[in-house]
Each structure stands twice: as structure tokens, then as C-alpha cells.
Amino acid sequence: RPSSSAPGPLAPLWQHIAADGVIGLGPGGAAAVAAVSTVNFALRSPAEQDALTAAYGRWLNSLTGPVQLVVRAGRADLTGAVTALRQAAGGLPHPALEAAALEHAQFLAGLAAERDVLTRQVLLVIREPAHPAGRPGRGTAAARAAQRAGEAARQLAGAGLAVRVL
């Protein structure tokens, strides 16, 4: 175990995460991880699809370093939503609203019993390598990773995507 208070290269990852969410990779540089929303491309008009594709393409063409998009699918647990709907139904101001809430809770419970309801999470990982000691850079790897995450958020907003650094 290292005697200094600074995290060593084998320390748990959480010890390398700065207040702005950037992960220190030691001599490997830094990385920023952001959650990205999704859009339903199929429900858009052809003109909207063209605009989304163009905005995404502009972001891809602006990249100055490595990025990774991670799409993770998992089973959704609807138990909490069903319970919340059933509990809140009695406090609704009209009997028709109460009936609709209870009917929706029953629908969700049936859906969960009959099918695998999936949820998706999209993560954007922006990696910024450290510059060698003799090579001038534009700030530290962590600062560059944070800057690139902010740029990604601004550019992907044009494609209707919300980017939130974790």
C-alpha cells in the first residue's frame, strides 16, 4: 500500500474521479464519461432525419481525439412505477383520474409479466491522452477531456440529444 495520500495506479477507480467527473488515468491521460439521451429516428420526418444525421455528422467530423459510444441494454424493473401509480391513485382529484392511474398500473404490471421490458443507457466516453513532458499541450489531459465533453454536449444538442457528464 502506498504511503502517500495520493491514489496509486492500482487504487479503486473512484479515487481518480475529480469533482467535475473527469477520470484520471495516470500516465494514460484522462477520460470523461457522459450519459447521452436518445431520439426515436424512425418517428421523425425525412427532413428531421436529415437534420439529425447532419448534426451527428458535424460532431463526428469535429472529433480531435478518441471517443467511445457504449450502448447498454438491461431489463427494466417496473415494480416501483406500478407501486407509485397505485399509491398515488387515491389522492387524485377526480375519480376518472384515479381509475386511469389504476388501469395504467395494471397495464404496466401485465406488460412486465408477459414481456421482457428493456431499458437502454448510452454512454459517451471521451479519452484524452497525456502529452509527453517535452511536448507543449493546451492544458492538462483532464482539462482537455472536460472541454471536449462540453463541446460534445453543445454539438449533439443540435441532434436533439442531451449530454450530461457523469
# chains A, B, ... in the order shown; residues from 1 in each chain; ligands from 1

$ residues_around --residues "stretch 111-126 of chain A" --least-positions-apart "4" --cutoff "6 Å" --atoms "only C-alpha atoms" --output "ChimeraX atom specification"
/A:31-36,67-76

$ residues_around --residues "A:Ala141" --least-positions-apart "4" --cutoff "12 Å" --atoms "only C-alpha atoms" --output "ChimeraX atom specification"
/A:22-32,65,126-132,136-137,145-148

$ closest_residue --among "A:Leu85, A:Ala157, A:Ala109, A:Ile17" --to "A:Val39" --atoms "only C-alpha atoms"
A:Ala157

$ residues_around --residues "A:Val82" --least-positions-apart "2" --cutoff "9 Å" --atoms "only C-alpha atoms" --output "VMD selection string"
chain A and resid 78 to 80 84 to 87 102 104 to 109

$ select_by_dssp --residues "stretch 5-157 of chain A" --states "helix (DSSP H, G or I)" --output "MDAnalysis selection string"
chainID A and resid 13:16 26:28 41:43 46:62 79:89 95:114 141:157

$ select_by_dssp --residues "stretch 8-160 of chain A" --states "strand (DSSP E)" --output "NGL selection string"
:A and (22-24 or 30-36 or 67-75 or 118-128)

$ decode --residues "stretch 19-96 of chain A" --atoms "C-alpha atoms" --output "PDB file, in the first residue's frame"
ATOM      1  CA  ALA A  19     -15.173  16.936  -8.836  1.00  0.00           C
ATOM      2  CA  ASP A  20     -16.027  17.722 -12.486  1.00  0.00           C
ATOM      3  CA  GLY A  21     -16.430  13.990 -13.248  1.00  0.00           C
ATOM      4  CA  VAL A  22     -13.195  13.550 -15.193  1.00  0.00           C
ATOM      5  CA  ILE A  23     -11.408  10.260 -14.507  1.00  0.00           C
ATOM      6  CA  GLY A  24      -7.637  10.431 -14.102  1.00  0.00           C
ATOM      7  CA  LEU A  25      -5.887   7.629 -15.967  1.00  0.00           C
ATOM      8  CA  GLY A  26      -2.424   8.407 -14.601  1.00  0.00           C
ATOM      9  CA  PRO A  27       0.181   8.374 -17.365  1.00  0.00           C
ATOM     10  CA  GLY A  28      -2.584   7.294 -19.779  1.00  0.00           C
ATOM     11  CA  GLY A  29      -4.247  10.719 -19.614  1.00  0.00           C
ATOM     12  CA  ALA A  30      -7.868  11.323 -18.619  1.00  0.00           C
ATOM     13  CA  ALA A  31     -11.394  10.382 -19.625  1.00  0.00           C
ATOM     14  CA  ALA A  32     -14.806  11.971 -19.282  1.00  0.00           C
ATOM     15  CA  VAL A  33     -17.923   9.797 -19.238  1.00  0.00           C
ATOM     16  CA  ALA A  34     -21.289  11.291 -20.140  1.00  0.00           C
ATOM     17  CA  ALA A  35     -24.819   9.927 -20.317  1.00  0.00           C
ATOM     18  CA  VAL A  36     -26.472  10.647 -23.662  1.00  0.00           C
ATOM     19  CA  SER A  37     -30.202  10.715 -24.281  1.00  0.00           C
ATOM     20  CA  THR A  38     -31.714   9.061 -27.327  1.00  0.00           C
ATOM     21  CA  VAL A  39     -34.092  10.115 -30.083  1.00  0.00           C
ATOM     22  CA  ASN A  40     -36.515   7.927 -31.998  1.00  0.00           C
ATOM     23  CA  PHE A  41     -35.186   8.358 -35.511  1.00  0.00           C
ATOM     24  CA  ALA A  42     -37.981   6.302 -37.124  1.00  0.00           C
ATOM     25  CA  LEU A  43     -40.688   8.655 -35.836  1.00  0.00           C
ATOM     26  CA  ARG A  44     -39.070  11.689 -37.472  1.00  0.00           C
ATOM     27  CA  SER A  45     -39.949  13.095 -40.879  1.00  0.00           C
ATOM     28  CA  PRO A  46     -37.371  12.698 -43.665  1.00  0.00           C
ATOM     29  CA  ALA A  47     -36.346  16.359 -43.247  1.00  0.00           C
ATOM     30  CA  GLU A  48     -35.903  15.904 -39.487  1.00  0.00           C
ATOM     31  CA  GLN A  49     -33.915  12.704 -40.081  1.00  0.00           C
ATOM     32  CA  ASP A  50     -31.626  14.602 -42.457  1.00  0.00           C
ATOM     33  CA  ALA A  51     -31.125  17.359 -39.860  1.00  0.00           C
ATOM     34  CA  LEU A  52     -30.345  14.831 -37.102  1.00  0.00           C
ATOM     35  CA  THR A  53     -27.906  12.971 -39.332  1.00  0.00           C
ATOM     36  CA  ALA A  54     -26.198  16.214 -40.355  1.00  0.00           C
ATOM     37  CA  ALA A  55     -25.819  17.347 -36.718  1.00  0.00           C
ATOM     38  CA  TYR A  56     -24.397  13.964 -35.715  1.00  0.00           C
ATOM     39  CA  GLY A  57     -22.043  14.052 -38.713  1.00  0.00           C
ATOM     40  CA  ARG A  58     -20.808  17.532 -37.754  1.00  0.00           C
ATOM     41  CA  TRP A  59     -19.967  16.214 -34.294  1.00  0.00           C
ATOM     42  CA  LEU A  60     -18.126  13.196 -35.718  1.00  0.00           C
ATOM     43  CA  ASN A  61     -16.142  15.425 -38.089  1.00  0.00           C
ATOM     44  CA  SER A  62     -15.165  17.728 -35.209  1.00  0.00           C
ATOM     45  CA  LEU A  63     -13.578  14.991 -33.103  1.00  0.00           C
ATOM     46  CA  THR A  64      -9.954  15.646 -32.196  1.00  0.00           C
ATOM     47  CA  GLY A  65      -9.340  12.538 -30.115  1.00  0.00           C
ATOM     48  CA  PRO A  66     -10.632   9.090 -29.276  1.00  0.00           C
ATOM     49  CA  VAL A  67     -14.250   8.562 -28.201  1.00  0.00           C
ATOM     50  CA  GLN A  68     -16.305   5.501 -27.471  1.00  0.00           C
ATOM     51  CA  LEU A  69     -20.084   5.099 -27.541  1.00  0.00           C
ATOM     52  CA  VAL A  70     -21.341   2.381 -25.216  1.00  0.00           C
ATOM     53  CA  VAL A  71     -24.947   1.226 -25.535  1.00  0.00           C
ATOM     54  CA  ARG A  72     -26.087  -0.956 -22.676  1.00  0.00           C
ATOM     55  CA  ALA A  73     -29.450  -2.709 -22.606  1.00  0.00           C
ATOM     56  CA  GLY A  74     -30.905  -4.245 -19.483  1.00  0.00           C
ATOM     57  CA  ARG A  75     -34.147  -5.465 -18.096  1.00  0.00           C
ATOM     58  CA  ALA A  76     -36.374  -2.724 -16.698  1.00  0.00           C
ATOM     59  CA  ASP A  77     -37.989  -3.238 -13.304  1.00  0.00           C
ATOM     60  CA  LEU A  78     -41.453  -1.686 -13.426  1.00  0.00           C
ATOM     61  CA  THR A  79     -42.318  -2.620  -9.835  1.00  0.00           C
ATOM     62  CA  GLY A  80     -41.570   0.858  -8.485  1.00  0.00           C
ATOM     63  CA  ALA A  81     -43.657   2.588 -11.164  1.00  0.00           C
ATOM     64  CA  VAL A  82     -46.601   0.232 -10.599  1.00  0.00           C
ATOM     65  CA  THR A  83     -46.434   0.732  -6.824  1.00  0.00           C
ATOM     66  CA  ALA A  84     -46.183   4.527  -7.154  1.00  0.00           C
ATOM     67  CA  LEU A  85     -49.175   4.678  -9.504  1.00  0.00           C
ATOM     68  CA  ARG A  86     -51.306   2.547  -7.191  1.00  0.00           C
ATOM     69  CA  GLN A  87     -50.352   4.607  -4.131  1.00  0.00           C
ATOM     70  CA  ALA A  88     -50.927   7.963  -5.822  1.00  0.00           C
ATOM     71  CA  ALA A  89     -54.232   6.989  -7.439  1.00  0.00           C
ATOM     72  CA  GLY A  90     -56.290   7.534  -4.284  1.00  0.00           C
ATOM     73  CA  GLY A  91     -55.092  11.119  -3.919  1.00  0.00           C
ATOM     74  CA  LEU A  92     -56.061  12.239  -7.428  1.00  0.00           C
ATOM     75  CA  PRO A  93     -58.727  14.981  -7.646  1.00  0.00           C
ATOM     76  CA  HIS A  94     -61.224  13.116  -9.853  1.00  0.00           C
ATOM     77  CA  PRO A  95     -62.498   9.505  -9.830  1.00  0.00           C
ATOM     78  CA  ALA A  96     -61.797   9.203 -13.573  1.00  0.00           C
TER      79      ALA A  96
END
